[in-house]
$ cat run32.csv   # CSV, C-alpha atoms
chain,number,residue,atom,x,y,z
A,1,MET,CA,13.9,-12.9,-14.4
A,2,LEU,CA,11.1,-11.6,-12.2
A,3,ALA,CA,8.3,-12.4,-14.6
A,4,ASP,CA,7.5,-15.6,-12.9
A,5,TRP,CA,8.5,-14.7,-9.3
A,6,ASN,CA,5.5,-14.7,-7.0
A,7,VAL,CA,5.5,-14.8,-3.2
A,8,GLU,CA,1.8,-13.9,-2.8
A,9,SER,CA,1.2,-17.0,-0.8
A,10,ARG,CA,3.6,-15.8,1.9
A,11,LEU,CA,2.1,-12.4,2.4
A,12,GLY,CA,0.2,-13.6,5.5
A,13,GLU,CA,3.6,-14.1,7.2
A,14,LEU,CA,4.1,-10.3,7.3
A,15,ASP,CA,3.7,-9.0,10.9
A,16,VAL,CA,4.6,-5.4,10.5
A,17,PRO,CA,2.5,-2.3,9.8
A,18,THR,CA,2.1,-2.1,6.1
A,19,LEU,CA,1.0,0.7,3.9
A,20,ILE,CA,0.0,-0.1,0.3
A,21,LEU,CA,-0.2,3.0,-2.0
A,22,SER,CA,-1.4,2.8,-5.6
A,23,GLY,CA,-2.4,5.2,-8.3
A,24,ARG,CA,-5.8,5.1,-9.9
A,25,TYR,CA,-4.1,4.6,-13.3
A,26,ASP,CA,-1.4,2.1,-12.2
A,27,GLU,CA,-1.0,-1.1,-14.1
A,28,ALA,CA,-1.2,-2.8,-10.8
A,29,THR,CA,-5.0,-2.5,-10.7
A,30,PRO,CA,-7.3,-2.2,-7.7
A,31,VAL,CA,-7.8,-6.0,-8.0
A,32,HIS,CA,-4.1,-6.6,-7.5
A,33,GLN,CA,-4.0,-4.1,-4.6
A,34,GLN,CA,-7.0,-5.6,-2.9
A,35,ARG,CA,-5.4,-9.0,-3.0
A,36,LEU,CA,-2.3,-7.5,-1.2
A,37,ARG,CA,-4.5,-5.8,1.4
A,38,ASP,CA,-6.5,-9.0,2.0
A,39,ARG,CA,-3.4,-11.1,2.6
A,40,ILE,CA,-1.4,-8.7,4.7
A,41,ARG,CA,-3.0,-8.7,8.1
A,42,GLY,CA,-3.8,-5.1,9.3
A,43,SER,CA,-2.5,-3.4,6.2
A,44,GLN,CA,-3.8,-0.1,5.0
A,45,TRP,CA,-4.4,0.5,1.3
A,46,THR,CA,-5.0,4.0,-0.2
A,47,THR,CA,-5.4,4.9,-3.9
A,48,LEU,CA,-4.2,8.2,-5.1
A,49,GLU,CA,-6.7,9.4,-7.7
A,50,GLN,CA,-4.5,11.5,-10.0
A,51,SER,CA,-1.5,9.0,-10.2
A,52,ALA,CA,-0.3,6.1,-12.2
A,53,HIS,CA,2.6,4.1,-10.8
A,54,LEU,CA,4.8,6.9,-9.4
A,55,THR,CA,2.5,8.2,-6.7
A,56,PHE,CA,5.3,9.9,-4.8
A,57,TYR,CA,6.2,11.9,-7.9
A,58,GLU,CA,2.8,12.5,-9.4
A,59,GLU,CA,1.0,13.6,-6.2
A,60,PRO,CA,3.9,14.4,-3.8
A,61,ASP,CA,1.8,16.4,-1.3
A,62,ARG,CA,-1.0,13.8,-1.0
A,63,TYR,CA,1.6,11.0,-0.8
A,64,ALA,CA,3.5,12.8,2.0
A,65,GLU,CA,0.2,13.4,3.8
A,66,ILE,CA,-0.8,9.7,3.7
A,67,LEU,CA,2.6,8.5,4.6
A,68,SER,CA,3.1,10.9,7.5
A,69,SER,CA,-0.3,10.0,8.9
A,70,PHE,CA,0.4,6.3,8.6
A,71,LEU,CA,3.8,6.7,10.3
A,72,GLU,CA,2.3,8.8,13.1
A,73,ARG,CA,-0.2,6.0,13.8
A,74,VAL,CA,2.6,3.4,13.8
A,75,ASP,CA,4.7,5.5,16.2
A,76,ALA,CA,1.7,5.9,18.5
A,77,GLY,CA,1.2,2.1,18.5
A,78,ALA,CA,-2.2,2.4,16.8
A,79,ALA,CA,-3.2,-0.3,14.5
A,80,SER,CA,-3.7,0.6,10.8
A,81,PRO,CA,-7.4,1.0,10.0
A,82,ARG,CA,-8.9,-1.8,7.8
$ encode --input "run32.csv" --output "structure tokens"
Amino acid sequence: MLADWNVESRLGELDVPTLILSGRYDEATPVHQQRLRDRIRGSQWTTLEQSAHLTFYEEPDRYAEILSSFLERVDAGAASPR
């Protein structure tokens, strides 16, 4: 049912701090992730080098570090770095 679902054209409507995390070996390749980052204003994209799709499971400490840092910046009102 979701095979043809695509809202990529609407990503520019997002107006909230957005963190994109991906694994180096994820099927969602860096090309896919870059398109998300380019279309979501102010988003931050980080690749976890030892992970595939389950970054939170495969690299839990690194995942937590990245997420905590992002949330601290959001709480402080700082914009996400490009």
$ closest_residue --input "run32.csv" --among "A:Val74, A:Leu2, A:Ile66, A:Leu21" --to "Ala52 (chain A)" --atoms "only C-alpha atoms"
A:Leu21
$ residues_around --input "run32.csv" --residues "region 9-18 of chain A" --least-positions-apart "2" --cutoff "10 Å" --atoms "only C-alpha atoms" --output "list in words"
Asn6, Val7, Ile20, Leu21, Arg35, Leu36, Arg37, Asp38, Arg39, Ile40, Arg41, Gly42, Ser43, Gln44, Trp45, Phe70, Leu71, Arg73, Val74, Gly77, Ala78, Ala79 and Ser80 of chain A
$ residues_around --input "run32.csv" --residues "region 23-32 of chain A" --least-positions-apart "4" --cutoff "12 Å" --atoms "only C-alpha atoms" --output "VMD selection string"
chain A and resid 8 36 to 39 45 to 59 62 to 63
